[in-house]
$ cat upload00.txt   # compact mmCIF, C-alpha atoms
# COMPACT_ATOMS: atom_id res chain seq x y z
CA MET A 290 8.15 28.38 12.83
CA GLN A 291 9.14 24.82 11.87
CA SER A 292 10.88 22.82 14.58
CA LYS A 293 14.35 21.38 13.97
CA SER A 294 12.93 17.87 13.76
CA PRO A 295 9.54 17.93 12.04
CA PHE A 296 6.55 15.98 13.22
CA VAL A 297 6.30 14.10 9.91
CA SER A 298 8.61 13.16 7.06
CA PHE A 299 7.03 12.31 3.70
CA CYS A 300 9.37 9.70 2.19
CA PHE A 301 9.29 9.34 -1.61
CA THR A 302 10.94 7.36 -4.32
CA THR A 303 10.52 8.45 -7.93
CA PHE A 304 11.74 7.50 -11.39
CA LYS A 305 10.98 9.56 -14.49
CA ARG A 306 7.39 10.42 -13.57
CA GLN A 307 7.64 14.17 -13.30
CA ASN A 308 3.97 14.95 -13.89
CA TYR A 309 2.76 12.58 -11.17
CA LEU A 310 5.50 13.75 -8.79
CA GLN A 311 4.54 17.39 -9.38
CA ALA A 312 0.87 16.73 -8.59
CA THR A 313 1.61 14.73 -5.44
CA LEU A 314 4.03 17.33 -4.11
CA GLU A 315 1.43 20.01 -4.77
CA SER A 316 -1.04 18.02 -2.67
CA ILE A 317 1.42 18.01 0.22
CA LEU A 318 1.99 21.74 -0.09
CA LYS A 319 -1.75 22.23 0.53
CA GLN A 320 -1.60 20.55 3.96
CA SER A 321 -3.34 22.51 6.72
CA PHE A 322 -0.76 21.06 9.16
CA ILE A 323 2.64 22.41 8.16
CA ASP A 324 5.18 20.76 10.50
CA TYR A 325 6.62 18.34 7.95
CA GLU A 326 9.48 17.73 5.56
CA VAL A 327 9.51 16.02 2.17
CA ILE A 328 12.32 13.65 1.23
CA VAL A 329 12.50 12.68 -2.45
CA SER A 330 14.98 9.97 -3.48
CA ASP A 331 15.33 9.89 -7.26
CA ASN A 332 16.22 6.62 -8.99
CA ASP A 333 16.83 8.42 -12.28
CA PRO A 334 20.61 8.88 -12.91
CA GLU A 335 19.69 11.88 -15.07
CA GLU A 336 18.04 13.51 -12.02
CA SER A 337 14.80 14.31 -13.82
CA GLY A 338 13.04 14.89 -10.50
CA ARG A 339 15.41 17.64 -9.33
CA LYS A 340 13.75 20.44 -11.30
CA ILE A 341 10.33 19.44 -9.96
CA VAL A 342 11.32 19.30 -6.27
CA GLU A 343 13.58 22.35 -6.23
CA GLY A 344 11.04 24.29 -8.28
CA PHE A 345 8.82 24.57 -5.20
CA LEU A 346 11.44 26.84 -3.54
CA ASP A 347 10.43 25.40 -0.18
CA PRO A 348 13.19 24.40 2.29
CA ARG A 349 10.98 21.56 3.55
CA PHE A 350 11.21 19.90 0.11
CA LYS A 351 14.54 18.06 -0.11
CA TYR A 352 15.88 16.33 -3.22
CA PHE A 353 18.40 13.47 -3.20
CA PRO A 354 19.66 11.71 -6.35
CA ASN A 355 20.48 8.03 -5.84
CA ILE A 356 23.23 8.13 -8.52
CA GLU A 357 21.94 4.77 -9.79
CA ASN A 358 18.55 3.04 -9.92
CA LEU A 359 18.30 1.26 -6.56
CA GLY A 360 14.84 -0.16 -7.19
CA MET A 361 11.66 0.87 -5.41
CA LYS A 362 12.18 -0.63 -1.94
CA LYS A 363 15.84 0.38 -1.48
CA SER A 364 15.04 3.89 -2.65
CA PHE A 365 12.19 4.19 -0.14
CA ASN A 366 14.60 3.11 2.58
CA LYS A 367 17.14 5.70 1.42
CA SER A 368 14.44 8.32 1.98
CA LEU A 369 13.89 6.88 5.46
CA GLU A 370 17.64 7.18 6.18
CA ARG A 371 17.58 10.81 5.04
CA SER A 372 14.52 11.76 7.10
CA SER A 373 14.32 13.24 10.59
CA GLY A 374 10.60 13.32 11.46
CA GLU A 375 9.08 11.73 14.53
CA TYR A 376 6.56 10.03 12.23
CA ILE A 377 6.93 8.80 8.67
CA VAL A 378 4.59 8.76 5.68
CA MET A 379 5.76 6.37 2.96
CA ILE A 380 4.24 7.71 -0.23
CA ALA A 381 4.33 6.82 -3.93
CA ASP A 382 4.92 9.65 -6.37
CA ASP A 383 1.50 9.13 -7.97
CA ASP A 384 -0.70 8.99 -4.85
CA PRO A 385 -1.72 12.51 -3.79
CA VAL A 386 -3.01 13.19 -0.30
CA TYR A 387 -5.86 15.44 0.78
CA PRO A 388 -5.28 18.83 2.48
CA ASP A 389 -6.49 17.75 5.93
CA MET A 390 -4.57 14.47 6.02
CA LEU A 391 -1.82 15.42 8.48
CA GLU A 392 -4.11 17.49 10.67
CA THR A 393 -6.54 14.57 10.92
CA LEU A 394 -3.81 12.08 11.84
CA PHE A 395 -2.16 14.49 14.30
CA ASN A 396 -5.47 14.91 16.11
CA LEU A 397 -6.06 11.15 16.01
CA LYS A 398 -2.67 10.59 17.65
CA ASN A 399 -3.49 13.07 20.40
CA GLU A 400 -6.88 11.46 21.00
CA PHE A 401 -5.41 7.93 21.12
CA PRO A 402 -1.82 8.27 22.36
CA GLY A 403 0.61 5.37 22.59
CA TYR A 404 -0.03 3.54 19.33
CA GLY A 405 2.59 3.04 16.63
CA MET A 406 0.49 3.72 13.55
CA TYR A 407 -2.45 5.99 12.71
CA LEU A 408 -4.29 5.24 9.47
CA GLY A 409 -7.05 6.80 7.42
CA GLY A 410 -9.05 5.47 4.50
CA CYS A 411 -8.49 6.23 0.85
CA ASP A 412 -10.05 6.57 -2.58
CA TRP A 413 -9.12 5.05 -5.93
CA LEU A 414 -8.76 7.56 -8.75
CA CYS A 415 -9.26 5.97 -12.20
CA THR A 416 -7.83 8.19 -14.92
CA HIS A 417 -8.87 6.20 -18.02
CA HIS A 418 -12.11 4.45 -18.86
CA GLU A 419 -10.25 1.30 -20.04
CA ILE A 420 -8.58 0.95 -16.63
CA ALA A 421 -11.82 1.75 -14.80
CA LYS A 422 -13.63 -0.97 -16.76
CA LEU A 423 -10.99 -3.58 -15.90
CA TYR A 424 -11.35 -2.78 -12.18
CA GLY A 425 -15.14 -2.56 -12.32
CA MET A 426 -15.03 1.09 -11.27
CA LYS A 427 -16.05 4.45 -12.66
CA VAL A 428 -13.76 7.06 -14.18
CA GLY A 429 -12.85 9.50 -11.43
CA THR A 430 -12.95 8.99 -7.66
CA ASN A 431 -14.12 5.71 -6.13
CA THR A 432 -14.37 5.46 -2.35
CA CYS A 433 -12.64 2.69 -0.42
CA LEU A 434 -14.15 3.56 2.95
CA SER A 435 -15.87 1.03 5.19
CA SER A 436 -19.61 0.77 4.57
CA GLU A 437 -20.04 -0.88 7.99
CA HIS A 438 -19.30 2.32 9.92
CA ASN A 439 -20.24 5.97 9.78
CA LEU A 440 -17.97 8.56 8.24
CA ASN A 441 -15.22 9.62 10.69
CA TYR A 442 -15.71 6.47 12.81
CA LYS A 443 -12.58 5.82 14.89
CA GLU A 444 -11.28 2.60 16.41
CA ALA A 445 -8.09 1.56 18.18
CA PHE A 446 -6.70 -1.94 17.57
CA GLU A 447 -4.19 -3.89 19.59
CA PRO A 448 -1.42 -5.47 17.47
CA GLU A 449 -2.82 -8.96 16.92
CA ASP A 450 -6.37 -7.77 16.34
CA PHE A 451 -5.19 -5.24 13.77
CA VAL A 452 -3.23 -7.82 11.78
CA LYS A 453 -6.19 -10.22 11.73
CA LYS A 454 -8.67 -7.58 10.60
CA LEU A 455 -6.28 -6.12 8.05
CA PHE A 456 -5.95 -9.42 6.19
CA ASN A 457 -9.66 -10.20 6.48
CA PHE A 458 -10.61 -6.76 5.08
CA ASN A 459 -12.60 -6.07 8.24
CA ILE A 460 -11.38 -2.46 8.43
CA PHE A 461 -11.39 -1.12 4.86
CA PRO A 462 -12.06 -2.83 1.52
CA HIS A 463 -8.73 -1.40 0.34
CA TYR A 464 -5.77 0.22 2.09
CA LEU A 465 -3.18 2.83 1.11
CA TRP A 466 0.00 3.12 3.15
CA SER A 467 0.42 6.80 2.31
CA THR A 468 -2.74 7.72 4.25
CA GLY A 469 -1.09 6.73 7.52
CA ILE A 470 1.75 7.79 9.80
CA VAL A 471 4.16 5.38 11.54
CA LYS A 472 6.55 6.21 14.37
CA ARG A 473 10.01 6.47 12.85
CA ASN A 474 11.72 4.47 15.60
CA ILE A 475 9.31 1.56 15.06
CA LEU A 476 9.90 1.63 11.31
CA ILE A 477 13.65 1.50 11.86
CA GLU A 478 13.35 -1.23 14.51
CA LYS A 479 11.33 -3.36 12.08
CA GLY A 480 13.89 -2.99 9.31
CA GLY A 481 12.35 -0.21 7.25
CA VAL A 482 10.18 -0.77 4.19
CA PRO A 483 9.83 -4.56 3.77
CA ASP A 484 12.13 -5.91 1.06
CA TYR A 485 11.65 -9.55 0.06
CA GLY A 486 12.56 -9.30 -3.61
CA THR A 487 9.48 -7.62 -5.12
CA PRO A 488 7.25 -4.59 -4.51
CA PHE A 489 4.14 -6.79 -4.89
CA LEU A 490 2.06 -6.61 -1.66
CA GLY A 491 4.68 -4.37 -0.10
CA ASP A 492 2.04 -2.00 1.26
CA TYR A 493 0.30 -4.85 3.10
CA ALA A 494 3.61 -6.12 4.45
CA TYR A 495 4.43 -2.60 5.65
CA MET A 496 1.10 -1.95 7.37
CA SER A 497 0.81 -5.36 9.00
CA ILE A 498 4.38 -5.38 10.33
CA MET A 499 4.19 -1.83 11.67
CA GLY A 500 0.75 -2.43 13.19
CA SER A 501 2.00 -5.63 14.83
CA HIS A 502 4.43 -3.63 16.97
CA SER A 503 2.12 -1.50 19.10
CA GLY A 504 -1.23 -1.47 17.35
CA CYS A 505 -2.99 0.97 15.08
CA VAL A 506 -5.78 3.56 15.28
CA ILE A 507 -7.98 4.06 12.22
CA ILE A 508 -10.43 6.71 11.09
CA ASN A 509 -13.09 6.03 8.45
CA LYS A 510 -12.24 9.08 6.38
CA SER A 511 -10.50 9.35 3.01
CA LEU A 512 -7.14 11.06 3.43
CA GLY A 513 -5.68 10.47 -0.03
CA CYS A 514 -6.06 8.50 -3.22
CA GLN A 515 -4.31 5.82 -5.19
CA THR A 516 -4.07 6.75 -8.85
CA LEU A 517 -4.88 3.93 -11.29
CA HIS A 518 -3.28 4.55 -14.67
CA ASP A 519 -1.32 2.88 -17.48
CA GLU A 520 2.02 3.13 -15.66
CA ASN A 521 1.09 1.41 -12.37
CA PHE A 522 3.51 -1.24 -11.17
CA GLY A 523 2.26 -4.79 -11.51
CA ARG A 524 0.98 -4.99 -15.07
CA ASN A 525 4.08 -6.52 -16.69
CA GLN A 526 6.20 -7.93 -13.84
CA ASN A 527 4.77 -11.44 -14.02
CA GLU A 528 7.93 -13.22 -12.88
CA GLN A 529 7.80 -11.26 -9.62
CA LEU A 530 4.38 -12.71 -8.77
CA ILE A 531 6.14 -16.02 -8.09
CA ILE A 532 8.47 -14.23 -5.67
CA ALA A 533 5.51 -12.63 -3.87
CA ALA A 534 3.72 -15.98 -3.53
CA LYS A 535 6.79 -17.59 -1.99
CA LYS A 536 8.40 -14.79 -0.03
CA PHE A 537 5.54 -12.65 1.32
CA PRO A 538 4.27 -15.23 3.89
CA GLU A 539 7.86 -16.19 4.80
CA TYR A 540 8.90 -12.58 5.38
CA LEU A 541 5.88 -11.82 7.55
CA GLU A 542 6.50 -14.92 9.62
CA LEU A 543 10.05 -13.72 10.24
CA LYS A 544 8.76 -10.34 11.42
CA MET A 545 5.60 -11.37 13.32
CA VAL A 546 6.12 -14.90 14.64
CA ASN A 547 6.14 -13.45 18.18
CA LEU A 548 2.38 -12.78 17.96
CA LYS A 549 0.52 -15.07 20.35
CA ASN A 550 -1.76 -16.69 17.76
CA TRP A 551 0.70 -16.65 14.88
CA SER A 552 -0.26 -20.11 13.59
CA SER A 553 -3.85 -19.03 12.89
CA ILE A 554 -2.71 -15.63 11.58
CA LYS A 555 -0.37 -17.41 9.15
CA VAL A 556 -3.35 -19.28 7.67
CA GLN A 557 -5.20 -15.97 7.27
CA ILE A 558 -2.20 -14.44 5.50
CA GLU A 559 -1.89 -17.38 3.12
CA ASN A 560 -5.61 -17.16 2.33
CA PHE A 561 -5.23 -13.43 1.72
CA VAL A 562 -2.32 -13.98 -0.68
CA GLY A 563 -4.22 -16.77 -2.44
CA VAL A 564 -7.30 -14.64 -3.05
CA TRP A 565 -5.17 -11.66 -4.11
CA LEU A 566 -3.16 -13.74 -6.59
CA VAL A 567 -6.30 -15.27 -8.08
CA SER A 568 -7.78 -11.81 -8.59
CA HIS A 569 -4.58 -10.27 -9.94
CA LEU A 570 -3.82 -13.14 -12.32
CA ALA A 571 -7.38 -13.01 -13.65
CA PHE A 572 -7.02 -9.24 -14.09
CA LEU A 573 -3.77 -9.70 -16.02
CA ASN A 574 -5.44 -12.16 -18.37
CA ASN A 575 -7.80 -9.35 -19.40
CA TYR A 576 -5.14 -6.67 -19.55
CA SER A 577 -4.15 -5.79 -23.10
CA ASP A 578 -0.41 -5.57 -22.49
CA ASN A 579 -0.14 -9.12 -21.15
CA LYS A 580 0.21 -11.19 -24.31
CA ASN A 581 3.50 -12.94 -23.60
CA ASN A 582 4.27 -16.38 -22.20
CA SER A 583 5.55 -15.10 -18.86
CA LEU A 584 2.03 -15.01 -17.39
CA LYS A 585 1.49 -18.70 -18.17
CA ILE A 586 4.85 -19.53 -16.59
CA ALA A 587 3.92 -17.55 -13.48
CA GLU A 588 0.56 -19.35 -13.23
CA ASN A 589 2.22 -22.78 -13.41
CA GLU A 590 4.86 -21.96 -10.80
CA ILE A 591 2.47 -20.28 -8.37
CA PHE A 592 0.03 -23.18 -8.25
CA LYS A 593 2.86 -25.60 -7.46
CA ILE A 594 3.31 -23.85 -4.10
CA GLY A 595 1.75 -25.85 -1.26
CA TYR A 596 -0.74 -23.36 0.16
CA MET A 597 -1.71 -22.14 -3.34
CA ARG A 598 -2.89 -25.53 -4.64
CA LYS A 599 -6.32 -25.20 -3.06
CA PHE A 600 -6.88 -21.97 -5.02
CA LYS A 601 -6.43 -23.59 -8.44
CA LEU A 602 -10.13 -24.29 -8.97
CA LYS A 603 -11.04 -20.79 -7.79
CA TYR A 604 -8.62 -19.38 -10.34
CA PHE A 605 -10.04 -21.51 -13.14
CA LEU A 606 -13.54 -20.23 -12.37
CA LYS A 607 -12.40 -16.62 -11.99
CA LYS A 608 -10.49 -16.79 -15.26
CA ARG A 609 -12.85 -18.88 -17.43
CA LEU A 610 -16.27 -18.62 -15.77
CA PRO A 611 -16.26 -15.32 -13.82
CA PHE A 612 -20.06 -15.17 -13.53
CA ILE A 613 -20.18 -18.54 -11.77
CA HIS A 614 -17.20 -17.58 -9.57
CA ASP A 615 -18.85 -14.33 -8.47
CA LYS A 616 -22.16 -16.10 -7.80
CA ILE A 617 -20.44 -18.64 -5.54
CA VAL A 618 -18.64 -15.85 -3.65
CA TYR A 619 -21.93 -13.98 -3.22
CA LEU A 620 -23.70 -17.06 -1.86
CA LYS A 621 -20.85 -17.82 0.56
CA LYS A 622 -21.04 -14.27 1.92
CA ARG A 623 -24.79 -14.55 2.42
CA VAL A 624 -24.39 -17.82 4.30
CA SER A 625 -21.61 -16.43 6.52
CA ASN A 626 -23.69 -13.33 7.36
CA ASN A 627 -26.75 -15.35 8.41
$ encode --input "upload00.txt" --output "structure tokens"
Amino acid sequence: MQSKSPFVSFCFTTFKRQNYLQATLESILKQSFIDYEVIVSDNDPEESGRKIVEGFLDPRFKYFPNIENLGMKKSFNKSLERSSGEYIVMIADDDPVYPDMLETLFNLKNEFPGYGMYLGGCDWLCTHHEIAKLYGMKVGTNTCLSSEHNLNYKEAFEPEDFVKKLFNFNIFPHYLWSTGIVKRNILIEKGGVPDYGTPFLGDYAYMSIMGSHSGCVIINKSLGCQTLHDENFGRNQNEQLIIAAKKFPEYLELKMVNLKNWSSIKVQIENFVGVWLVSHLAFLNNYSDNKNNSLKIAENEIFKIGYMRKFKLKYFLKKRLPFIHDKIVYLKKRVSNN
């Protein structure tokens, strides 16, 4: 019998993506660990998600219309307000989880008590060959597990060490916030889902801030997947890239300046953002829907920012001479590994 306050609350936001929402909710229903609730906050004033959620006829699945479109971050935080679980899973409506996700994380918490976040690995699911080609992946499932460790490898990180390794990609080559659980009281103490004016890099802000509180335990096992499709956020919101470049490092400094070696961590974060922006801007230049002038405006504004100036040459090579760029990156990695 389900307890009054569940162990986990899955916190959703959705907006007119009924098919994806249906599939992700079905993935939660398959969980082997059943002490959870599902909170869906719908940004659609027409309440298109209601039929999907209530169609499951499961009292753990709870639907809440937002009346108006609050935007992604505010809607996620409305789900947090409406939740009651001891731990929280923030989850996009198009990122299904695997049946043993909660059971794996529950056992991880019991094996390593006292940490604020428990995180598994993930896969990328490419649904179209055009998208797969742009990302250099195959159609279907692509693993994002660490190749440096065995499957099911576990490791506990203290706060500062976790933040450093997160931004240096020393844990996983890619992360997905919905394959982890965070203590609800920590999430509330830290201000909920980070909101600095754009969803860009919000998952990294979320994981780093939550892990900076009382550390994180990871397991090298895929617990869910990020779906890559034509409707993903980030393909046509070029003006928001400028906001991410300016506000992401500032917001993290506000939340994590108490870390002992913050000055060196700040440099790591700026390098992370620089590399990410170079890669994403280069990706957008190859993306068929990006034919307007807003991308050029974003490029110009981003490379005026102090810490971004040193990435201008890297971007030129990535954009115009990708083979040379990739060769330089490969040689640098070989040198650093020797």
$ closest_residue --input "upload00.txt" --among "A:Leu530, A:Ile558, A:Leu512, A:Val564" --to "Ser497 (chain A)" --atoms "only C-alpha atoms"
A:Ile558
$ closest_residue --input "upload00.txt" --among "A:Asn457, A:Asn308, A:Ser337, A:Asn439" --to "Phe561 (chain A)" --atoms "only C-alpha atoms"
A:Asn457
$ residues_near_point --input "upload00.txt" --point "(13.6, -11.8, -2.5)" --cutoff "8 Å" --atoms "all atoms listed in the file" --output "list in words"
Asp484, Tyr485, Gly486, Thr487, Ile532 and Lys536 of chain A
$ residues_around --input "upload00.txt" --residues "Ile460 (chain A)" --least-positions-apart "2" --cutoff "12 Å" --atoms "all atoms listed in the file" --output "ChimeraX atom specification"
/A:408-411,433-438,442-446,450-458,462-464,505-510
$ closest_residue --input "upload00.txt" --among "A:Phe605, A:Tyr407, A:Tyr424, A:Tyr352" --to "Gly500 (chain A)" --atoms "all atoms listed in the file"
A:Tyr407
$ closest_residue --input "upload00.txt" --among "A:Glu375, A:Asp333, A:Glu343, A:Glu539" --to "Pro295 (chain A)" --atoms "only C-alpha atoms"
A:Glu375
$ closest_residue --input "upload00.txt" --among "A:Val482, A:Val329, A:Leu465, A:Leu517" --to "Thr416 (chain A)" --atoms "only C-alpha atoms"
A:Leu517
$ residues_near_point --input "upload00.txt" --point "(-2.9, -22.0, -4.6)" --cutoff "10 Å" --atoms "only C-alpha atoms" --output "MDAnalysis selection string"
chainID A and resid 534 559:560 562:564 566:567 588 590:604
$ atom_distance --input "upload00.txt" --atom1 "CA of Phe395 (chain A)" --atom2 "CA of Arg371 (chain A)"
22.1 Å
$ closest_residue --input "upload00.txt" --among "A:Gln529, A:Asn459, A:Ser503, A:Asn574" --to "Ile475 (chain A)" --atoms "all atoms listed in the file"
A:Ser503
$ atom_distance --input "upload00.txt" --atom1 "CA of Leu606 (chain A)" --atom2 "CA of Lys535 (chain A)"
23.0 Å
$ residues_around --input "upload00.txt" --residues "Phe322 (chain A)" --least-positions-apart "2" --cutoff "7 Å" --atoms "only C-alpha atoms" --output "compact mmCIF listing (two decimals) with C-alpha atoms, in the frame of the given file"
# COMPACT_ATOMS: atom_id res chain seq x y z
CA GLN A 320 -1.60 20.55 3.96
CA ASP A 324 5.18 20.76 10.50
CA LEU A 391 -1.82 15.42 8.48
CA GLU A 392 -4.11 17.49 10.67
$ atom_distance --input "upload00.txt" --atom1 "CA of Gly429 (chain A)" --atom2 "CA of Leu414 (chain A)"
5.3 Å
$ residues_around --input "upload00.txt" --residues "Pro385 (chain A)" --least-positions-apart "6" --cutoff "9 Å" --atoms "all atoms listed in the file" --output "PyMOL selection string"
chain A and resi 309-310+312-317+467+513-516
$ axis_aligned_box --input "upload00.txt" --around "region 453-464 of chain A" --padding-each-side "3 Å" --output "AutoDock Vina command-line options"
--center_x -9.2 --center_y -5.0 --center_z 6.0 --size_x 12.8 --size_y 16.4 --size_z 17.4
$ decode --input "upload00.txt" --residues "region 342-398 of chain A" --atoms "C-alpha atoms" --output "PDB file, in the first residue's frame"
ATOM      1  CA  VAL A 342      -2.845  11.808 -17.606  1.00  0.00           C
ATOM      2  CA  GLU A 343      -6.343  10.992 -16.369  1.00  0.00           C
ATOM      3  CA  GLY A 344      -6.635   8.217 -18.951  1.00  0.00           C
ATOM      4  CA  PHE A 345      -4.253   6.092 -16.879  1.00  0.00           C
ATOM      5  CA  LEU A 346      -6.911   5.833 -14.122  1.00  0.00           C
ATOM      6  CA  ASP A 347      -4.117   5.724 -11.554  1.00  0.00           C
ATOM      7  CA  PRO A 348      -4.449   7.878  -8.394  1.00  0.00           C
ATOM      8  CA  ARG A 349      -0.667   8.368  -8.380  1.00  0.00           C
ATOM      9  CA  PHE A 350      -0.933  10.294 -11.671  1.00  0.00           C
ATOM     10  CA  LYS A 351      -2.044  13.856 -10.894  1.00  0.00           C
ATOM     11  CA  TYR A 352      -2.894  16.497 -13.492  1.00  0.00           C
ATOM     12  CA  PHE A 353      -2.704  20.261 -12.901  1.00  0.00           C
ATOM     13  CA  PRO A 354      -3.497  22.883 -15.570  1.00  0.00           C
ATOM     14  CA  ASN A 355      -1.456  26.073 -15.252  1.00  0.00           C
ATOM     15  CA  ILE A 356      -4.299  28.198 -16.721  1.00  0.00           C
ATOM     16  CA  GLU A 357      -1.677  30.072 -18.772  1.00  0.00           C
ATOM     17  CA  ASN A 358       1.676  29.186 -20.326  1.00  0.00           C
ATOM     18  CA  LEU A 359       4.183  29.831 -17.534  1.00  0.00           C
ATOM     19  CA  GLY A 360       7.216  28.748 -19.543  1.00  0.00           C
ATOM     20  CA  MET A 361       9.292  25.636 -18.925  1.00  0.00           C
ATOM     21  CA  LYS A 362      11.134  26.552 -15.708  1.00  0.00           C
ATOM     22  CA  LYS A 363       8.188  28.102 -13.841  1.00  0.00           C
ATOM     23  CA  SER A 364       6.013  25.147 -14.784  1.00  0.00           C
ATOM     24  CA  PHE A 365       8.604  22.690 -13.461  1.00  0.00           C
ATOM     25  CA  ASN A 366       8.649  24.626 -10.205  1.00  0.00           C
ATOM     26  CA  LYS A 367       4.846  24.521 -10.036  1.00  0.00           C
ATOM     27  CA  SER A 368       5.139  20.729 -10.179  1.00  0.00           C
ATOM     28  CA  LEU A 369       7.656  20.902  -7.344  1.00  0.00           C
ATOM     29  CA  GLU A 370       5.198  22.994  -5.282  1.00  0.00           C
ATOM     30  CA  ARG A 371       2.464  20.433  -5.916  1.00  0.00           C
ATOM     31  CA  SER A 372       4.616  17.419  -5.006  1.00  0.00           C
ATOM     32  CA  SER A 373       4.993  15.640  -1.672  1.00  0.00           C
ATOM     33  CA  GLY A 374       7.741  13.036  -2.212  1.00  0.00           C
ATOM     34  CA  GLU A 375      10.874  12.753  -0.118  1.00  0.00           C
ATOM     35  CA  TYR A 376      12.878  12.756  -3.359  1.00  0.00           C
ATOM     36  CA  ILE A 377      12.191  14.466  -6.665  1.00  0.00           C
ATOM     37  CA  VAL A 378      12.736  13.449 -10.279  1.00  0.00           C
ATOM     38  CA  MET A 379      12.568  16.414 -12.657  1.00  0.00           C
ATOM     39  CA  ILE A 380      11.592  14.927 -15.995  1.00  0.00           C
ATOM     40  CA  ALA A 381      10.823  16.228 -19.493  1.00  0.00           C
ATOM     41  CA  ASP A 382       7.724  14.876 -21.187  1.00  0.00           C
ATOM     42  CA  ASP A 383       9.801  13.292 -23.968  1.00  0.00           C
ATOM     43  CA  ASP A 384      12.462  11.494 -21.906  1.00  0.00           C
ATOM     44  CA  PRO A 385      11.198   8.041 -20.865  1.00  0.00           C
ATOM     45  CA  VAL A 386      12.838   6.153 -18.026  1.00  0.00           C
ATOM     46  CA  TYR A 387      13.655   2.464 -17.789  1.00  0.00           C
ATOM     47  CA  PRO A 388      11.639   0.046 -15.597  1.00  0.00           C
ATOM     48  CA  ASP A 389      14.367  -0.467 -12.975  1.00  0.00           C
ATOM     49  CA  MET A 390      15.260   3.206 -12.593  1.00  0.00           C
ATOM     50  CA  LEU A 391      13.650   3.894  -9.213  1.00  0.00           C
ATOM     51  CA  GLU A 392      14.594   0.519  -7.766  1.00  0.00           C
ATOM     52  CA  THR A 393      18.227   1.091  -8.770  1.00  0.00           C
ATOM     53  CA  LEU A 394      18.342   4.571  -7.235  1.00  0.00           C
ATOM     54  CA  PHE A 395      16.518   3.456  -4.073  1.00  0.00           C
ATOM     55  CA  ASN A 396      19.100   0.716  -3.550  1.00  0.00           C
ATOM     56  CA  LEU A 397      21.922   3.159  -4.305  1.00  0.00           C
ATOM     57  CA  LYS A 398      20.589   5.518  -1.635  1.00  0.00           C
TER      58      LYS A 398
END
